[in-house]
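Enquirer: Below are the C-alpha cells for one structure; questions will follow.
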Amino acid sequence: MARSVRADRVPGIGLAALAMAAVQPSAWAQCQWVGPANGPNGGVAAMVAWDPDGPGPMQEALVVGGIFAAAGGLPASNVAMWNGSSWSGFGSGLNGEVRALAVHQGQLIAGGRFTGSGATTTGPLARWTGSAWVEFDAARPNGDVLALASNGTTLYAGGAFQRVGTLDTGRVASWNGSAWGAMGGGMDANVQALMVGGASVYAAGLFATAGGQAASGVAEWVGGAWVPLGSGLEQSMYALARSGTDLYVGGIEAVPGGAEGRVRRWTGSAWTPVGEALVDGTVRSLAWYNGSLYAAGTFDSPAAALVRLNGAAWEGVEGGLSGDAQNAVALAPFRGWLAIGGNFLSAGGQTVRRVAILDCAGGPSCVPDLTTGAVPGQPGYGVANGVVNNDDFFYYLAQFAGGNAAVCDLTTGAVPGQPGYGVPNGVLNNDDFFYYLIVFAAGC
C-alpha cells in the first residue's frame with residue numbers, strides 16, 4: 001500500500017517531488033542485488049553477521065574473512081566489516097587467511113591459517129576485544145581452524161589440528177567457557193564445516209571415521225558421542241544446512257561417482273538427492289533464505305557459482321555472478337538479506353567486489369519503516385514497528401538533515417533500474433532523499 005504525507009509539512013520538498021515518489025513502483029517487489037559496490041581486494045572465505053554493540057544503537061554488521069589487504073579501499077588485513085554503507089578493518093587485522101568466523105556470547109571469533117595480529121601472537125584462533133585481536137585461550141590448536149559454530153553456551157572448533165594445547169582432540173574440540181574438551185576422539189581427517197542444530201552438532205569434512213566409527217564425510221555429535229548418518233557420503237563434504245529436522249550436506253560428490261549430484265538431504269533415516277546434478281565443481285556453502293535453499297561453490301552448471309532450489313531443480317540467481325575466479329564459497333544471512341562471498345566482480349551485471357548482497361524479502365523487514373514515533377528521546381524513537389506512516393518520513397528527514405549516513409545512505413542513484421539504484425555508496429546526498437521518497441510512497 002502506498003503512503004502519503006502533506007507536502008506543506010516537508011521543508012524544501014514540493015508536491016511534484018511527492019507525486020513522483022507516489023507513482024514509482026516498489027524497488028523491493030522482487031529479488032535484487034543491493035551492494036556493496038566496492039569490497040575486499042582478495043578472496044572471501046568466511047562471513048558472519050555480528051552486532052558490534054549488542055543491545056546498543058548500532059545496526060548488525062557483516063564481517064568477512066579471507067585473504068585480502070583492503071576492503072572498500074581501506075586497509076583491512078584478511079578480516080573486514082561492512083556496516084551497510086562503508087567498510088572498515090579490525091585494528092592490525094590477522095596475518096594469514098581467515099577461514100571461519102562465528103559470534104559466541106556476543107564476541108567475534110576468527111579461525112584460520114594465521115598466527116597473530118601485529119605484534120600479538122594468537123595462534124589460528126583469535127577473539128576481538130573491541131580494540132584488538134588476541135588469542136582465544138592460552139591453549140591453542142596446533143593446526144588450521146577451518147570451522148566454528150556456537151550454541152550460545154559452547155563454542156565448537158574444527159579443522160586440521162590434532163591437539164589444542166596438550167589435549168588430544170582429533171580435529172574437533174569444544175570450549176565450555178573455561179576449558180577445551182575433546183569430542184569422542186574426533187575425526188581421522190579434516191573437519192570443513194560445523195553446524196549446531198537443536199541438541200546436536202553436525203560435522204562435515206574429508207574424514208572417513210568419527211569417534212572411531214565409520215562416518216564418511218558427515219557425522220552427528222549427540223549425547224556425548226559421534227553418530228554416523230546412514231552409510232555416510234563421499235569423503236569430501238564442505239557445507240551444511242538444516243530445515244526443520246532435515247539436514248542438507250554439500251560437497252564434491254554427495255555419493256561416490258556423483259550420479260545424484262553434490263547436495264543430499266538426510267531425512268532422519270535415509271539420504272535423498274536434492275535437485276539435479278551440479279556440474280564440474282564443489283558445493284562450498286549452503287543456506288536457507290526466504291524459503292529457498294541456496295548453494296554456493298565452484299560449479300558451472302546450471303549456473304556459475306550460485307544457485308537456488310526451485311521445486312526439484314536448481315536455477316540461477318538474478319543474473320548470477322561473474323568475473324575473477326567466478327566462485328562463491330560463503331553464504332550468511334544478514335539484516336533480512338543473503339550475503340554471498342567468494343571471488344567474483346559482478347552480480348546481476350552490477351559491479352561488486354567479492355561480496356554481494358541479495359534482497360528477496362524487501363530488505364531488513366521494510367526499508368521505509370524506521371521508527372515507532374518521531375519525537376527524539378521518547379520510547380520507540382528509531383525502532384521500526386512494522387507500520388509505515390508520517391512518523392517514519394519525519395524521522396528520515398531529521399536524520400538526513402543531521403547527516404546520519406548509517407540511516408540515510410540508501411542508494412548511489414535515484415533512477416530506478418540504473419546501476420547503483422538501491423546500493424549505498426558511502427555518500428549522503430539528494431539521491432538518497434528522493435530514493436527514500438520512492439520507497440516510502442510504495443509502502444510495504
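We name chains A, B, ... following the order of the C-alpha cells; residues begin at 1 in each chain, and ligands are numbered from 1 as shown.
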When DSSP is applied to the backbone of this structure, which of stretch 100-248 of chain A are assigned strand (DSSP E)? Write them out as a PyMOL selection string.
Expert: chain A and resi 100-104+107-113+116-117+120-121+125-128+133-135+145-150+155-159+163-164+167-168+172-175+180-182+191-197+200-205+209-210+213-214+218-222+225-228+237-243+246-248
Enquirer: Between stretch 225-252 of chain A and stretch 294-298 of chain A, at 10 Å or less, what are the per-residue closest atom pairs and their distances in Å? Count only C-alpha atoms, order by chain and rising residue number, and return it as CSV.
Expert:
residue,atom,partner,partner_atom,distance
A:Tyr238,CA,A:Gly297,CA,9.7
A:Ala239,CA,A:Ala295,CA,8.8
A:Ala241,CA,A:Tyr294,CA,9.6
A:Gly250,CA,A:Ala295,CA,8.2
A:Gly251,CA,A:Gly297,CA,8.8
A:Ile252,CA,A:Gly297,CA,9.6
Enquirer: For atom CA of A:Asn390 and atom CA of A:Tyr436, quote the distance in Å rounded to one decimal.
Expert: 12.7 Å
Enquirer: Find the residues near A:Asp392: any atom within 12 Å, counting only C-alpha atoms, skip ones fewer than 5 places away on the same chain, and give them as a PDB file with all heavy atoms, in the first residue's frame.
Expert:
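Dumped everything to out08.pdb:
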ATOM      1  N   ARG A   3       1.922   5.148   0.691  1.00  0.00           N
ATOM      2  CA  ARG A   3       1.716   6.065   1.799  1.00  0.00           C
ATOM      3  C   ARG A   3       1.807   7.488   1.283  1.00  0.00           C
ATOM      4  O   ARG A   3       2.369   7.764   0.226  1.00  0.00           O
ATOM      5  CB  ARG A   3       2.780   5.850   2.885  1.00  0.00           C
ATOM      6  CG  ARG A   3       2.926   4.394   3.315  1.00  0.00           C
ATOM      7  CD  ARG A   3       1.675   3.884   4.008  1.00  0.00           C
ATOM      8  NE  ARG A   3       1.848   2.495   4.358  1.00  0.00           N
ATOM      9  CZ  ARG A   3       0.909   1.745   4.922  1.00  0.00           C
ATOM     10  NH1 ARG A   3      -0.262   2.234   5.204  1.00  0.00           N
ATOM     11  NH2 ARG A   3       1.143   0.485   5.196  1.00  0.00           N
ATOM     12  N   SER A   4       1.289   8.466   2.037  1.00  0.00           N
ATOM     13  CA  SER A   4       1.391   9.857   1.631  1.00  0.00           C
ATOM     14  C   SER A   4       1.660  10.740   2.831  1.00  0.00           C
ATOM     15  O   SER A   4       1.373  10.372   3.964  1.00  0.00           O
ATOM     16  CB  SER A   4       0.089  10.317   0.948  1.00  0.00           C
ATOM     17  OG  SER A   4      -1.011  10.240   1.845  1.00  0.00           O
ATOM     18  N   VAL A   5       2.256  11.910   2.586  1.00  0.00           N
ATOM     19  CA  VAL A   5       2.451  12.927   3.607  1.00  0.00           C
ATOM     20  C   VAL A   5       2.030  14.253   3.016  1.00  0.00           C
ATOM     21  O   VAL A   5       1.924  14.415   1.802  1.00  0.00           O
ATOM     22  CB  VAL A   5       3.929  13.008   4.056  1.00  0.00           C
ATOM     23  CG1 VAL A   5       4.362  11.727   4.679  1.00  0.00           C
ATOM     24  CG2 VAL A   5       4.843  13.355   2.884  1.00  0.00           C
ATOM     25  N   CYS A 366      11.414  -3.824   6.188  1.00  0.00           N
ATOM     26  CA  CYS A 366      10.756  -2.865   5.308  1.00  0.00           C
ATOM     27  C   CYS A 366      11.588  -1.596   5.324  1.00  0.00           C
ATOM     28  O   CYS A 366      11.717  -0.952   6.361  1.00  0.00           O
ATOM     29  CB  CYS A 366       9.333  -2.618   5.807  1.00  0.00           C
ATOM     30  SG  CYS A 366       8.487  -1.250   5.003  1.00  0.00           S
ATOM     31  N   VAL A 367      12.140  -1.206   4.187  1.00  0.00           N
ATOM     32  CA  VAL A 367      13.093  -0.096   4.141  1.00  0.00           C
ATOM     33  C   VAL A 367      12.536   1.206   4.712  1.00  0.00           C
ATOM     34  O   VAL A 367      13.192   1.870   5.502  1.00  0.00           O
ATOM     35  CB  VAL A 367      13.615   0.102   2.709  1.00  0.00           C
ATOM     36  CG1 VAL A 367      14.411   1.387   2.586  1.00  0.00           C
ATOM     37  CG2 VAL A 367      14.489  -1.087   2.318  1.00  0.00           C
ATOM     38  N   PRO A 368      11.316   1.651   4.339  1.00  0.00           N
ATOM     39  CA  PRO A 368      10.862   2.938   4.860  1.00  0.00           C
ATOM     40  C   PRO A 368      10.392   2.911   6.315  1.00  0.00           C
ATOM     41  O   PRO A 368      10.173   3.970   6.903  1.00  0.00           O
ATOM     42  CB  PRO A 368       9.704   3.309   3.930  1.00  0.00           C
ATOM     43  CG  PRO A 368       9.204   2.014   3.411  1.00  0.00           C
ATOM     44  CD  PRO A 368      10.408   1.124   3.297  1.00  0.00           C
ATOM     45  N   ASP A 369      10.226   1.731   6.894  1.00  0.00           N
ATOM     46  CA  ASP A 369       9.805   1.632   8.300  1.00  0.00           C
ATOM     47  C   ASP A 369      11.018   1.836   9.194  1.00  0.00           C
ATOM     48  O   ASP A 369      11.850   0.942   9.352  1.00  0.00           O
ATOM     49  CB  ASP A 369       9.163   0.261   8.548  1.00  0.00           C
ATOM     50  CG  ASP A 369       8.775   0.052  10.004  1.00  0.00           C
ATOM     51  OD1 ASP A 369       8.570   1.050  10.717  1.00  0.00           O
ATOM     52  OD2 ASP A 369       8.695  -1.127  10.414  1.00  0.00           O
ATOM     53  N   LEU A 370      11.133   3.002   9.793  1.00  0.00           N
ATOM     54  CA  LEU A 370      12.335   3.367  10.542  1.00  0.00           C
ATOM     55  C   LEU A 370      12.096   3.622  12.018  1.00  0.00           C
ATOM     56  O   LEU A 370      13.023   3.546  12.819  1.00  0.00           O
ATOM     57  CB  LEU A 370      12.963   4.622   9.926  1.00  0.00           C
ATOM     58  CG  LEU A 370      13.424   4.526   8.468  1.00  0.00           C
ATOM     59  CD1 LEU A 370      13.872   5.899   7.985  1.00  0.00           C
ATOM     60  CD2 LEU A 370      14.546   3.519   8.329  1.00  0.00           C
ATOM     61  N   THR A 371      10.858   3.946  12.413  1.00  0.00           N
ATOM     62  CA  THR A 371      10.646   4.395  13.788  1.00  0.00           C
ATOM     63  C   THR A 371       9.215   4.111  14.229  1.00  0.00           C
ATOM     64  O   THR A 371       8.320   3.920  13.405  1.00  0.00           O
ATOM     65  CB  THR A 371      10.954   5.900  13.913  1.00  0.00           C
ATOM     66  OG1 THR A 371      10.984   6.280  15.292  1.00  0.00           O
ATOM     67  CG2 THR A 371       9.917   6.750  13.181  1.00  0.00           C
ATOM     68  N   THR A 372       9.023   4.094  15.540  1.00  0.00           N
ATOM     69  CA  THR A 372       7.684   3.976  16.112  1.00  0.00           C
ATOM     70  C   THR A 372       7.082   5.354  16.354  1.00  0.00           C
ATOM     71  O   THR A 372       5.884   5.564  16.214  1.00  0.00           O
ATOM     72  CB  THR A 372       7.736   3.181  17.429  1.00  0.00           C
ATOM     73  OG1 THR A 372       8.278   1.888  17.150  1.00  0.00           O
ATOM     74  CG2 THR A 372       6.362   3.023  18.064  1.00  0.00           C
ATOM     75  N   GLY A 373       7.935   6.309  16.719  1.00  0.00           N
ATOM     76  CA  GLY A 373       7.499   7.681  16.929  1.00  0.00           C
ATOM     77  C   GLY A 373       8.533   8.649  16.400  1.00  0.00           C
ATOM     78  O   GLY A 373       9.685   8.285  16.163  1.00  0.00           O
ATOM     79  N   ALA A 374       8.143   9.926  16.230  1.00  0.00           N
ATOM     80  CA  ALA A 374       9.039  10.910  15.639  1.00  0.00           C
ATOM     81  C   ALA A 374       9.581  11.901  16.658  1.00  0.00           C
ATOM     82  O   ALA A 374      10.165  12.920  16.286  1.00  0.00           O
ATOM     83  CB  ALA A 374       8.313  11.663  14.529  1.00  0.00           C
ATOM     84  N   VAL A 375       9.423  11.627  17.942  1.00  0.00           N
ATOM     85  CA  VAL A 375       9.883  12.536  18.990  1.00  0.00           C
ATOM     86  C   VAL A 375      11.177  11.993  19.590  1.00  0.00           C
ATOM     87  O   VAL A 375      11.174  10.941  20.232  1.00  0.00           O
ATOM     88  CB  VAL A 375       8.825  12.704  20.096  1.00  0.00           C
ATOM     89  CG1 VAL A 375       9.324  13.668  21.172  1.00  0.00           C
ATOM     90  CG2 VAL A 375       7.514  13.196  19.498  1.00  0.00           C
ATOM     91  N   GLY A 380      10.635   4.097  21.534  1.00  0.00           N
ATOM     92  CA  GLY A 380      10.316   3.728  20.166  1.00  0.00           C
ATOM     93  C   GLY A 380      10.943   4.600  19.113  1.00  0.00           C
ATOM     94  O   GLY A 380      10.809   4.318  17.919  1.00  0.00           O
ATOM     95  N   TYR A 381      11.655   5.658  19.524  1.00  0.00           N
ATOM     96  CA  TYR A 381      12.297   6.531  18.537  1.00  0.00           C
ATOM     97  C   TYR A 381      13.452   5.789  17.866  1.00  0.00           C
ATOM     98  O   TYR A 381      14.364   5.311  18.530  1.00  0.00           O
ATOM     99  CB  TYR A 381      12.812   7.798  19.210  1.00  0.00           C
ATOM    100  CG  TYR A 381      13.341   8.837  18.239  1.00  0.00           C
ATOM    101  CD1 TYR A 381      12.477   9.521  17.397  1.00  0.00           C
ATOM    102  CD2 TYR A 381      14.695   9.126  18.163  1.00  0.00           C
ATOM    103  CE1 TYR A 381      12.947  10.481  16.509  1.00  0.00           C
ATOM    104  CE2 TYR A 381      15.180  10.090  17.276  1.00  0.00           C
ATOM    105  CZ  TYR A 381      14.298  10.760  16.451  1.00  0.00           C
ATOM    106  OH  TYR A 381      14.778  11.705  15.575  1.00  0.00           O
ATOM    107  N   GLY A 382      13.376   5.648  16.556  1.00  0.00           N
ATOM    108  CA  GLY A 382      14.408   4.921  15.822  1.00  0.00           C
ATOM    109  C   GLY A 382      14.238   3.421  15.840  1.00  0.00           C
ATOM    110  O   GLY A 382      15.125   2.689  15.397  1.00  0.00           O
ATOM    111  N   VAL A 383      13.086   2.927  16.321  1.00  0.00           N
ATOM    112  CA  VAL A 383      12.812   1.484  16.370  1.00  0.00           C
ATOM    113  C   VAL A 383      11.662   1.172  15.423  1.00  0.00           C
ATOM    114  O   VAL A 383      10.544   1.663  15.605  1.00  0.00           O
ATOM    115  CB  VAL A 383      12.448   1.035  17.796  1.00  0.00           C
ATOM    116  CG1 VAL A 383      12.149  -0.466  17.818  1.00  0.00           C
ATOM    117  CG2 VAL A 383      13.563   1.380  18.776  1.00  0.00           C
ATOM    118  N   ALA A 384      11.919   0.370  14.386  1.00  0.00           N
ATOM    119  CA  ALA A 384      10.882   0.011  13.421  1.00  0.00           C
ATOM    120  C   ALA A 384       9.751  -0.738  14.110  1.00  0.00           C
ATOM    121  O   ALA A 384       9.973  -1.507  15.059  1.00  0.00           O
ATOM    122  CB  ALA A 384      11.484  -0.833  12.306  1.00  0.00           C
ATOM    123  N   ASN A 385       8.521  -0.521  13.631  1.00  0.00           N
ATOM    124  CA  ASN A 385       7.364  -1.143  14.293  1.00  0.00           C
ATOM    125  C   ASN A 385       6.423  -1.853  13.330  1.00  0.00           C
ATOM    126  O   ASN A 385       5.312  -2.219  13.704  1.00  0.00           O
ATOM    127  CB  ASN A 385       6.588  -0.086  15.084  1.00  0.00           C
ATOM    128  CG  ASN A 385       5.958   0.984  14.197  1.00  0.00           C
ATOM    129  OD1 ASN A 385       6.360   1.148  13.049  1.00  0.00           O
ATOM    130  ND2 ASN A 385       4.996   1.721  14.738  1.00  0.00           N
ATOM    131  N   GLY A 386       6.843  -2.023  12.062  1.00  0.00           N
ATOM    132  CA  GLY A 386       6.003  -2.717  11.104  1.00  0.00           C
ATOM    133  C   GLY A 386       4.927  -1.861  10.474  1.00  0.00           C
ATOM    134  O   GLY A 386       4.094  -2.365   9.724  1.00  0.00           O
ATOM    135  N   VAL A 387       4.913  -0.558  10.774  1.00  0.00           N
ATOM    136  CA  VAL A 387       3.936   0.375  10.220  1.00  0.00           C
ATOM    137  C   VAL A 387       4.675   1.514   9.535  1.00  0.00           C
ATOM    138  O   VAL A 387       5.611   2.081  10.097  1.00  0.00           O
ATOM    139  CB  VAL A 387       3.022   0.945  11.325  1.00  0.00           C
ATOM    140  CG1 VAL A 387       2.048   1.978  10.751  1.00  0.00           C
ATOM    141  CG2 VAL A 387       2.269  -0.175  12.010  1.00  0.00           C
ATOM    142  N   LEU A 397      13.690  12.505   7.620  1.00  0.00           N
ATOM    143  CA  LEU A 397      14.022  13.893   7.334  1.00  0.00           C
ATOM    144  C   LEU A 397      14.982  14.446   8.382  1.00  0.00           C
ATOM    145  O   LEU A 397      15.971  15.117   8.054  1.00  0.00           O
ATOM    146  CB  LEU A 397      12.738  14.725   7.294  1.00  0.00           C
ATOM    147  CG  LEU A 397      12.876  16.186   6.855  1.00  0.00           C
ATOM    148  CD1 LEU A 397      13.350  16.263   5.416  1.00  0.00           C
ATOM    149  CD2 LEU A 397      11.540  16.910   7.017  1.00  0.00           C
ATOM    150  N   ALA A 398      14.707  14.143   9.662  1.00  0.00           N
ATOM    151  CA  ALA A 398      15.578  14.626  10.737  1.00  0.00           C
ATOM    152  C   ALA A 398      16.961  13.997  10.651  1.00  0.00           C
ATOM    153  O   ALA A 398      17.982  14.677  10.843  1.00  0.00           O
ATOM    154  CB  ALA A 398      14.937  14.335  12.091  1.00  0.00           C
ATOM    155  N   GLN A 399      17.012  12.693  10.359  1.00  0.00           N
ATOM    156  CA  GLN A 399      18.310  12.018  10.273  1.00  0.00           C
ATOM    157  C   GLN A 399      19.089  12.509   9.059  1.00  0.00           C
ATOM    158  O   GLN A 399      20.314  12.661   9.106  1.00  0.00           O
ATOM    159  CB  GLN A 399      18.115  10.496  10.205  1.00  0.00           C
ATOM    160  CG  GLN A 399      17.404   9.896  11.406  1.00  0.00           C
ATOM    161  CD  GLN A 399      18.099  10.205  12.713  1.00  0.00           C
ATOM    162  OE1 GLN A 399      19.302   9.961  12.855  1.00  0.00           O
ATOM    163  NE2 GLN A 399      17.361  10.742  13.665  1.00  0.00           N
ATOM    164  N   VAL A 407      21.781   5.666   8.624  1.00  0.00           N
ATOM    165  CA  VAL A 407      20.347   5.505   8.389  1.00  0.00           C
ATOM    166  C   VAL A 407      19.959   5.932   6.983  1.00  0.00           C
ATOM    167  O   VAL A 407      19.141   5.289   6.328  1.00  0.00           O
ATOM    168  CB  VAL A 407      19.538   6.328   9.427  1.00  0.00           C
ATOM    169  CG1 VAL A 407      18.054   6.371   9.056  1.00  0.00           C
ATOM    170  CG2 VAL A 407      19.721   5.754  10.817  1.00  0.00           C
ATOM    171  N   CYS A 408      20.560   7.003   6.484  1.00  0.00           N
ATOM    172  CA  CYS A 408      20.038   7.680   5.304  1.00  0.00           C
ATOM    173  C   CYS A 408      20.755   7.383   3.990  1.00  0.00           C
ATOM    174  O   CYS A 408      20.234   7.718   2.921  1.00  0.00           O
ATOM    175  CB  CYS A 408      20.047   9.184   5.542  1.00  0.00           C
ATOM    176  SG  CYS A 408      19.031   9.685   6.956  1.00  0.00           S
ATOM    177  N   TYR A 436      14.385   7.589  -0.815  1.00  0.00           N
ATOM    178  CA  TYR A 436      13.507   7.301   0.329  1.00  0.00           C
ATOM    179  C   TYR A 436      12.065   7.698   0.009  1.00  0.00           C
ATOM    180  O   TYR A 436      11.117   6.998   0.391  1.00  0.00           O
ATOM    181  CB  TYR A 436      13.972   8.020   1.589  1.00  0.00           C
ATOM    182  CG  TYR A 436      13.112   7.657   2.776  1.00  0.00           C
ATOM    183  CD1 TYR A 436      13.298   6.452   3.441  1.00  0.00           C
ATOM    184  CD2 TYR A 436      12.072   8.483   3.193  1.00  0.00           C
ATOM    185  CE1 TYR A 436      12.473   6.078   4.493  1.00  0.00           C
ATOM    186  CE2 TYR A 436      11.240   8.122   4.240  1.00  0.00           C
ATOM    187  CZ  TYR A 436      11.443   6.910   4.884  1.00  0.00           C
ATOM    188  OH  TYR A 436      10.626   6.553   5.924  1.00  0.00           O
ATOM    189  N   LEU A 437      11.864   8.827  -0.686  1.00  0.00           N
ATOM    190  CA  LEU A 437      10.522   9.208  -1.086  1.00  0.00           C
ATOM    191  C   LEU A 437       9.853   8.101  -1.890  1.00  0.00           C
ATOM    192  O   LEU A 437       8.670   7.788  -1.703  1.00  0.00           O
ATOM    193  CB  LEU A 437      10.568  10.481  -1.928  1.00  0.00           C
ATOM    194  CG  LEU A 437      10.822  11.810  -1.210  1.00  0.00           C
ATOM    195  CD1 LEU A 437      10.841  12.932  -2.215  1.00  0.00           C
ATOM    196  CD2 LEU A 437       9.780  12.069  -0.141  1.00  0.00           C
ATOM    197  N   VAL A 439      10.514   4.744  -1.957  1.00  0.00           N
ATOM    198  CA  VAL A 439      10.169   3.541  -1.195  1.00  0.00           C
ATOM    199  C   VAL A 439       9.115   3.843  -0.135  1.00  0.00           C
ATOM    200  O   VAL A 439       8.297   2.989   0.221  1.00  0.00           O
ATOM    201  CB  VAL A 439      11.420   2.880  -0.580  1.00  0.00           C
ATOM    202  CG1 VAL A 439      12.345   2.402  -1.666  1.00  0.00           C
ATOM    203  CG2 VAL A 439      12.137   3.802   0.390  1.00  0.00           C
ATOM    204  N   PHE A 440       9.096   5.088   0.364  1.00  0.00           N
ATOM    205  CA  PHE A 440       8.064   5.481   1.335  1.00  0.00           C
ATOM    206  C   PHE A 440       6.691   5.506   0.663  1.00  0.00           C
ATOM    207  O   PHE A 440       5.712   4.985   1.205  1.00  0.00           O
ATOM    208  CB  PHE A 440       8.393   6.848   1.925  1.00  0.00           C
ATOM    209  CG  PHE A 440       7.342   7.365   2.872  1.00  0.00           C
ATOM    210  CD1 PHE A 440       7.344   6.967   4.203  1.00  0.00           C
ATOM    211  CD2 PHE A 440       6.346   8.228   2.439  1.00  0.00           C
ATOM    212  CE1 PHE A 440       6.371   7.419   5.085  1.00  0.00           C
ATOM    213  CE2 PHE A 440       5.374   8.689   3.311  1.00  0.00           C
ATOM    214  CZ  PHE A 440       5.392   8.292   4.634  1.00  0.00           C
ATOM    215  N   ALA A 441       6.625   6.094  -0.521  1.00  0.00           N
ATOM    216  CA  ALA A 441       5.361   6.147  -1.243  1.00  0.00           C
ATOM    217  C   ALA A 441       4.862   4.764  -1.614  1.00  0.00           C
ATOM    218  O   ALA A 441       3.646   4.503  -1.620  1.00  0.00           O
ATOM    219  CB  ALA A 441       5.502   7.003  -2.494  1.00  0.00           C
ATOM    220  N   GLY A 443       5.371   2.056   0.124  1.00  0.00           N
ATOM    221  CA  GLY A 443       4.967   1.334   1.313  1.00  0.00           C
ATOM    222  C   GLY A 443       5.516  -0.077   1.352  1.00  0.00           C
ATOM    223  O   GLY A 443       6.418  -0.434   0.611  1.00  0.00           O
TER     224      GLY A 443
END
Enquirer: As a list in words, please: the residues near A:Gly54 (cut-off 10 Å, only C-alpha atoms, same-chain neighbours under 3 positions excluded).
Expert: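 The neighbour list is Trp50, Asp51, Pro57, Met58, Gln59, Glu60, Gln105, Gly106 and Gln107 of chain A.
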Enquirer: Using DSSP on the backbone, list every residue of stretch 306-415 of chain A that comes out as helix (DSSP H, G or I), and give them as a VMD selection string.
Expert: chain A and resid 390 to 401 405 to 408
Enquirer: For the selection you just gave me, I'd like the residues written to a file as a CSV table (one decimal), in the first residue's frame, keeping N, CA and C atoms.
Expert:
chain,number,residue,atom,x,y,z
A,390,ASN,N,3.6,8.8,8.7
A,390,ASN,CA,4.3,10.1,8.7
A,390,ASN,C,5.5,10.1,9.6
A,391,ASP,N,5.4,9.4,10.8
A,391,ASP,CA,6.5,9.4,11.7
A,391,ASP,C,7.8,8.9,11.1
A,392,ASP,N,7.7,7.9,10.2
A,392,ASP,CA,8.9,7.4,9.5
A,392,ASP,C,9.5,8.4,8.6
A,393,PHE,N,8.6,9.2,7.9
A,393,PHE,CA,9.1,10.2,7.0
A,393,PHE,C,9.8,11.3,7.7
A,394,PHE,N,9.2,11.8,8.8
A,394,PHE,CA,9.8,12.9,9.5
A,394,PHE,C,11.1,12.4,10.3
A,395,TYR,N,11.1,11.2,10.7
A,395,TYR,CA,12.3,10.6,11.3
A,395,TYR,C,13.5,10.6,10.3
A,396,TYR,N,13.2,10.1,9.0
A,396,TYR,CA,14.2,10.1,8.0
A,396,TYR,C,14.6,11.6,7.7
A,397,LEU,N,13.7,12.5,7.6
A,397,LEU,CA,14.0,13.9,7.3
A,397,LEU,C,15.0,14.4,8.4
A,398,ALA,N,14.7,14.1,9.7
A,398,ALA,CA,15.6,14.6,10.7
A,398,ALA,C,17.0,14.0,10.7
A,399,GLN,N,17.0,12.7,10.4
A,399,GLN,CA,18.3,12.0,10.3
A,399,GLN,C,19.1,12.5,9.1
A,400,PHE,N,18.4,12.8,8.0
A,400,PHE,CA,19.0,13.3,6.7
A,400,PHE,C,19.6,14.7,7.0
A,401,ALA,N,18.8,15.5,7.7
A,401,ALA,CA,19.3,16.9,8.0
A,401,ALA,C,20.5,16.8,8.9
A,405,ALA,N,24.5,9.1,7.9
A,405,ALA,CA,24.6,8.2,6.8
A,405,ALA,C,24.2,6.8,7.1
A,406,ALA,N,24.4,6.3,8.3
A,406,ALA,CA,24.1,4.9,8.7
A,406,ALA,C,22.6,4.7,8.5
A,407,VAL,N,21.8,5.7,8.6
A,407,VAL,CA,20.3,5.5,8.4
A,407,VAL,C,20.0,5.9,7.0
A,408,CYS,N,20.6,7.0,6.5
A,408,CYS,CA,20.0,7.7,5.3
A,408,CYS,C,20.8,7.4,4.0
Enquirer: Point out the residue among A:Pro228, A:Pro36, A:Gly184, A:Gly275 with the least atom-to-atom distance to A:Trp314, counting only C-alpha atoms.
Expert: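 When distances to A:Trp314 are compared using only C-alpha atoms, the smallest one comes from A:Gly275.
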Enquirer: For A:Ala414, which residue out of A:Asn430, A:Gly402, A:Gly212, A:Gly223 is the nearest one, using only C-alpha atoms?
Expert: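 Ranking A:Asn430, A:Gly402, A:Gly212, A:Gly223 by distance to A:Ala414, first place goes to A:Asn430.
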Enquirer: Taking into account only C-alpha atoms, which residue in the set A:Leu410, A:Ala442, A:Ala304, A:Ala210 is nearest to A:Leu428?
Expert: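 Nearest to A:Leu428: A:Leu410.
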Enquirer: In Å, with one decimal, what is the gap from atom CA of A:Asp432 to atom CA of A:Leu345?
Expert: 24.6 Å
Enquirer: For stretch 71-86 of chain A, list every protein, DNA or RNA residue within 9 Å, evaluated using only C-alpha atoms, and leave out those in the same chain fewer than 2 positions away; present the list as a count of residues only.
Expert: 43
Enquirer: Please provide the set of residues having any atom within 10 Å of A:Thr245, restricted to only C-alpha atoms, with same-chain residues fewer than 6 positions apart removed, written as a list in words.
Expert: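 Result of the neighbour search: Gly197, Gly198, Trp266, Thr267 and Gly268 of chain A.
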Enquirer: I need the chosen residues saved as a PDB file, in the first residue's frame, with N, CA and C atoms.
Expert:
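Wrote again20.pdb, looks like this:
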ATOM      1  N   GLY A 197      22.419 -27.786  15.603  1.00  0.00           N
ATOM      2  CA  GLY A 197      21.012 -27.991  15.291  1.00  0.00           C
ATOM      3  C   GLY A 197      20.323 -28.664  16.455  1.00  0.00           C
ATOM      4  N   GLY A 198      19.501 -27.923  17.204  1.00  0.00           N
ATOM      5  CA  GLY A 198      18.871 -28.481  18.391  1.00  0.00           C
ATOM      6  C   GLY A 198      19.917 -28.889  19.412  1.00  0.00           C
ATOM      7  N   TRP A 266      19.368 -35.524   4.500  1.00  0.00           N
ATOM      8  CA  TRP A 266      19.191 -36.605   5.469  1.00  0.00           C
ATOM      9  C   TRP A 266      17.837 -36.420   6.142  1.00  0.00           C
ATOM     10  N   THR A 267      16.941 -37.381   5.971  1.00  0.00           N
ATOM     11  CA  THR A 267      15.582 -37.273   6.498  1.00  0.00           C
ATOM     12  C   THR A 267      15.454 -37.753   7.935  1.00  0.00           C
ATOM     13  N   GLY A 268      16.531 -38.297   8.472  1.00  0.00           N
ATOM     14  CA  GLY A 268      16.498 -38.924   9.788  1.00  0.00           C
ATOM     15  C   GLY A 268      16.657 -40.416   9.690  1.00  0.00           C
TER      16      GLY A 268
END
Enquirer: I'd like the contact shell of stretch 119-135 of chain A - 7 Å cut-off, only C-alpha atoms, skipping same-chain residues fewer than 6 positions apart - returned as a PyMOL selection string.
Expert: chain A and resi 91+107-113+141+144-145
